[in-house]
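Enquirer: I am sharing structure-v6.csv, which consists of CSV, C-alpha atoms:
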chain,number,residue,atom,x,y,z
A,1474,MET,CA,74.9,139.8,-81.1
A,1475,SER,CA,73.5,142.5,-83.3
A,1476,GLU,CA,70.8,141.8,-85.9
A,1477,GLU,CA,71.4,142.7,-89.5
A,1478,ILE,CA,68.6,144.2,-91.5
A,1479,PRO,CA,68.3,142.7,-95.0
A,1480,ALA,CA,68.9,145.1,-97.8
A,1481,SER,CA,65.3,144.8,-99.0
A,1482,GLN,CA,63.9,145.9,-95.7
A,1483,ASP,CA,66.4,148.8,-95.5
A,1484,THR,CA,65.4,150.2,-98.8
A,1485,ALA,CA,61.7,149.8,-97.9
A,1486,THR,CA,62.2,151.9,-94.8
A,1487,GLU,CA,64.1,154.6,-96.8
A,1488,GLU,CA,61.3,154.7,-99.3
A,1489,LYS,CA,58.7,154.9,-96.5
A,1490,THR,CA,60.5,157.8,-94.9
A,1491,ALA,CA,60.9,159.6,-98.2
A,1492,GLU,CA,57.1,159.2,-98.8
A,1493,GLU,CA,56.3,160.5,-95.3
A,1494,GLN,CA,58.6,163.6,-95.9
A,1495,SER,CA,56.9,164.3,-99.2
A,1496,LEU,CA,53.5,164.1,-97.6
A,1497,GLU,CA,54.5,166.4,-94.8
A,1498,VAL,CA,55.9,168.9,-97.3
A,1499,SER,CA,52.8,168.8,-99.4
A,1500,ALA,CA,50.6,169.1,-96.4
A,1501,ALA,CA,52.5,172.2,-95.2
A,1502,THR,CA,52.4,173.9,-98.6
A,1503,SER,CA,48.7,173.2,-99.3
A,1504,GLY,CA,47.4,173.7,-95.8
A,1505,THR,CA,44.6,171.2,-96.4
A,1506,ALA,CA,45.9,168.4,-94.2
A,1507,GLU,CA,44.6,168.6,-90.6
A,1508,ASP,CA,47.3,167.2,-88.4
A,1509,GLY,CA,50.2,167.4,-90.9
A,1510,ALA,CA,50.0,171.2,-91.4
A,1511,ALA,CA,49.8,171.8,-87.7
A,1512,GLU,CA,52.9,169.7,-87.0
A,1513,THR,CA,55.1,170.9,-89.8
A,1514,GLY,CA,54.2,174.6,-89.9
A,1515,PRO,CA,56.2,177.3,-91.6
A,1516,SER,CA,59.6,176.0,-90.4
A,1517,ALA,CA,59.3,172.9,-92.6
A,1518,VAL,CA,58.4,175.0,-95.6
A,1519,GLU,CA,61.3,177.3,-94.8
A,1520,GLU,CA,63.7,174.3,-94.6
A,1521,VAL,CA,62.5,173.1,-98.0
A,1522,THR,CA,63.0,176.5,-99.6
A,1523,GLN,CA,66.5,176.6,-98.1
A,1524,GLU,CA,67.3,173.2,-99.6
A,1525,GLU,CA,65.9,174.3,-103.0
A,1526,GLN,CA,68.1,177.4,-102.9
A,1527,GLU,CA,71.2,175.3,-102.1
A,1528,GLU,CA,70.3,172.9,-105.0
A,1529,GLU,CA,69.7,175.8,-107.3
A,1530,SER,CA,73.1,177.4,-106.5
A,1531,ASP,CA,75.2,176.6,-109.5
A,1532,PRO,CA,78.9,175.9,-108.5
A,1533,ARG,CA,80.0,177.7,-111.7
A,1534,THR,CA,78.7,181.0,-110.2
A,1535,HIS,CA,80.6,180.6,-106.9
A,1536,ARG,CA,83.2,183.1,-105.9
A,1537,PHE,CA,86.7,181.9,-104.8
A,1538,GLU,CA,88.9,183.7,-102.2
A,1539,CYS,CA,92.7,183.5,-102.1
A,1540,ARG,CA,93.7,182.3,-98.7
A,1541,SER,CA,97.0,184.1,-98.9
A,1542,CYS,CA,95.9,187.7,-99.6
A,1543,GLY,CA,92.1,187.7,-99.5
A,1544,TYR,CA,91.6,188.5,-103.2
A,1545,VAL,CA,88.1,187.3,-104.4
A,1546,TYR,CA,87.7,185.9,-107.9
A,1547,ASP,CA,84.1,186.6,-109.0
A,1548,PRO,CA,83.0,185.0,-112.3
A,1549,GLU,CA,80.6,187.9,-112.9
A,1550,GLU,CA,83.5,190.3,-113.0
A,1551,GLY,CA,86.3,188.3,-114.6
A,1552,VAL,CA,89.9,189.6,-114.4
A,1553,LYS,CA,90.9,192.4,-116.8
A,1554,LYS,CA,94.6,192.2,-116.0
A,1555,GLN,CA,94.8,188.6,-117.2
A,1556,ASN,CA,92.3,188.9,-120.0
A,1557,ILE,CA,89.8,186.6,-118.4
A,1558,PRO,CA,86.3,187.5,-119.8
A,1559,VAL,CA,83.2,188.1,-117.7
A,1560,GLY,CA,81.3,184.9,-117.0
A,1561,THR,CA,84.3,182.6,-116.9
A,1562,ALA,CA,83.8,180.1,-114.1
A,1563,PHE,CA,86.8,179.4,-111.7
A,1564,GLU,CA,86.7,175.7,-112.8
A,1565,ASP,CA,87.3,176.8,-116.4
A,1566,LEU,CA,90.5,178.7,-115.6
A,1567,ASP,CA,93.8,177.1,-116.6
A,1568,THR,CA,95.3,175.7,-113.5
A,1569,ILE,CA,98.8,176.0,-114.8
A,1570,THR,CA,98.9,179.6,-116.0
A,1571,PHE,CA,96.3,181.2,-113.7
A,1572,ARG,CA,97.8,183.1,-110.7
A,1573,CYS,CA,96.2,185.4,-108.1
A,1574,PRO,CA,96.4,188.9,-109.5
A,1575,VAL,CA,97.6,190.3,-106.2
A,1576,CYS,CA,100.0,187.8,-104.6
A,1577,ARG,CA,100.6,185.4,-107.6
A,1578,SER,CA,99.4,182.3,-105.6
A,1579,LYS,CA,98.4,179.2,-107.6
A,1580,VAL,CA,94.8,177.9,-108.0
A,1581,GLY,CA,95.2,175.6,-105.0
A,1582,ALA,CA,95.4,178.6,-102.7
A,1583,PHE,CA,91.8,179.5,-103.5
A,1584,ARG,CA,88.8,178.3,-101.6
A,1585,ASP,CA,85.1,178.4,-102.5
A,1586,ILE,CA,83.1,181.1,-100.6
A,1587,GLY,CA,79.8,180.5,-102.4
A,1588,PRO,CA,77.7,182.7,-104.6
A,1589,ARG,CA,77.5,186.5,-104.3
A,1590,SER,CA,73.9,186.6,-103.1
A,1591,LYS,CA,74.4,184.1,-100.3
A,1592,ALA,CA,74.1,185.3,-96.7
A,1593,SER,CA,77.4,185.0,-94.9
A,1594,GLY,CA,78.0,182.7,-92.0
A,1595,PHE,CA,77.1,179.1,-91.0
A,1596,GLU,CA,73.7,177.8,-92.0
A,1597,GLU,CA,72.8,176.8,-88.4
A,1598,ASN,CA,73.5,180.4,-87.2
A,1599,LEU,CA,71.4,182.2,-89.8
A,1600,ASN,CA,68.2,181.9,-87.6
A,1601,TYR,CA,69.6,183.9,-84.7
A,1602,GLY,CA,69.2,187.6,-84.2
A,1603,LEU,CA,66.4,189.7,-85.6
A,1604,GLY,CA,66.6,188.4,-89.1
A,1605,VAL,CA,69.7,190.4,-89.8
A,1606,ASN,CA,71.8,187.2,-90.2
A,1607,ARG,CA,69.9,186.2,-93.3
A,1608,LEU,CA,70.8,189.5,-95.1
A,1609,THR,CA,73.5,189.5,-97.7
A,1610,PRO,CA,76.6,191.7,-97.0
A,1611,GLY,CA,75.3,194.4,-99.3
A,1612,GLN,CA,71.9,194.5,-97.5
A,1613,LYS,CA,73.7,194.7,-94.2
A,1614,ASN,CA,75.7,197.7,-95.4
A,1615,VAL,CA,72.6,199.5,-96.5
A,1616,LEU,CA,71.0,198.8,-93.1
A,1617,ILE,CA,74.0,200.0,-91.1
A,1618,PHE,CA,74.9,203.1,-93.1
A,1619,GLY,CA,71.2,204.0,-93.7
A,1620,SER,CA,70.5,203.9,-89.9
A,1621,LEU,CA,73.6,206.0,-89.3
A,1622,ALA,CA,72.4,208.6,-91.8
A,1623,LEU,CA,68.9,208.7,-90.3
A,1624,GLY,CA,70.5,209.1,-86.8
A,1625,PHE,CA,72.6,211.9,-88.1
A,1626,ALA,CA,69.6,213.6,-89.7
A,1627,PHE,CA,67.7,213.2,-86.5
A,1628,PHE,CA,70.3,214.9,-84.4
A,1629,LEU,CA,70.6,217.7,-87.0
A,1630,SER,CA,66.9,218.2,-86.8
A,1631,LEU,CA,67.2,218.9,-83.0
A,1632,TYR,CA,68.8,222.3,-83.9
A,1633,SER,CA,65.5,223.5,-85.3
A,1634,LEU,CA,63.7,223.0,-82.0
A,1635,ARG,CA,64.4,226.4,-80.3
I'd like the structure from this file rewritten - as structure tokens, please.
Expert:
Amino acid sequence: MSEEIPASQDTATEEKTAEEQSLEVSAATSGTAEDGAAETGPSAVEEVTQEEQEEESDPRTHRFECRSCGYVYDPEEGVKKQNIPVGTAFEDLDTITFRCPVCRSKVGAFRDIGPRSKASGFEENLNYGLGVNRLTPGQKNVLIFGSLALGFAFFLSLYSLR
């Protein structure tokens, strides 16, 4: 009915595809390959850097959000109320004694929301828009309120046109 591929052939094809991918990546970064660089282009390099950033993201630096009340535990801040020092990862907290400082929920009510510097949203949606989706929430705040301040200053400058 259906042909089964022996394990030796299956691993050989996996090794071949891994070698092809590494050649494409090296061609895209060096720019010396003729056909490889034209086919891969900057999008392949961009995908590689995204994968590297995801691999570099240490789970011990991730923030966790309480699903009940929205409180965010950030290891870079700690919790002064509960004498949790700065730099304590969420995984290192005692699961029995730790409770949400706001609503007293257990550790199971928290979910991982990633590192602080990560752009918000789904990975597949970050390429839409004018590049604004790739900005972190802090950068978006600066962009929004900075443009509002410039607009306000522009309209105030119209009073000097008499």
Enquirer: What lies within 7 Å of region 1581-1588 of chain A using only C-alpha atoms, ignoring chain neighbours under 3 positions off, as a PyMOL selection string?
Expert: chain A and resi 1534-1541+1578+1591
Enquirer: Rounded to one decimal, what separation in Å do you get between CA of Asn1606 (chain A) and CA of Gly1560 (chain A)?
Expert: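 It comes out at 28.5 Å.
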Enquirer: Counting only C-alpha atoms, which residue out of A:Ala1626, A:Ile1557, A:Cys1542, A:Leu1634 sits closest to Arg1577 (chain A)?
Expert: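 Result for the nearest residue to Arg1577 (chain A): A:Cys1542.
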Enquirer: Point out the residue among A:Ile1617, A:Arg1607, A:Glu1564, A:Gly1551 with the least atom-to-atom distance to Pro1532 (chain A), counting only C-alpha atoms.
Expert: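 Selected residue with least distance to Pro1532 (chain A): A:Glu1564.
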Enquirer: Rounded to one decimal place, report the CA of Asn1556 (chain A)-CA of Phe1571 (chain A) distance in Å.
Expert: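 Value for the CA of Asn1556 (chain A)-CA of Phe1571 (chain A) distance: 10.7 Å.
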Enquirer: Which value, in Å to one decimal, gives the distance between CA of Leu1599 (chain A) and CA of Asp1531 (chain A)?
Expert: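 Between these atoms lies a distance of 20.8 Å.
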Enquirer: Have a look at A:Leu1603, A:Val1575, A:Asn1598, A:Leu1566 and name the one nearest to Gly1543 (chain A); count all atoms listed in the file.
Expert: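 Among A:Leu1603, A:Val1575, A:Asn1598, A:Leu1566, it is A:Val1575 that comes nearest to Gly1543 (chain A).
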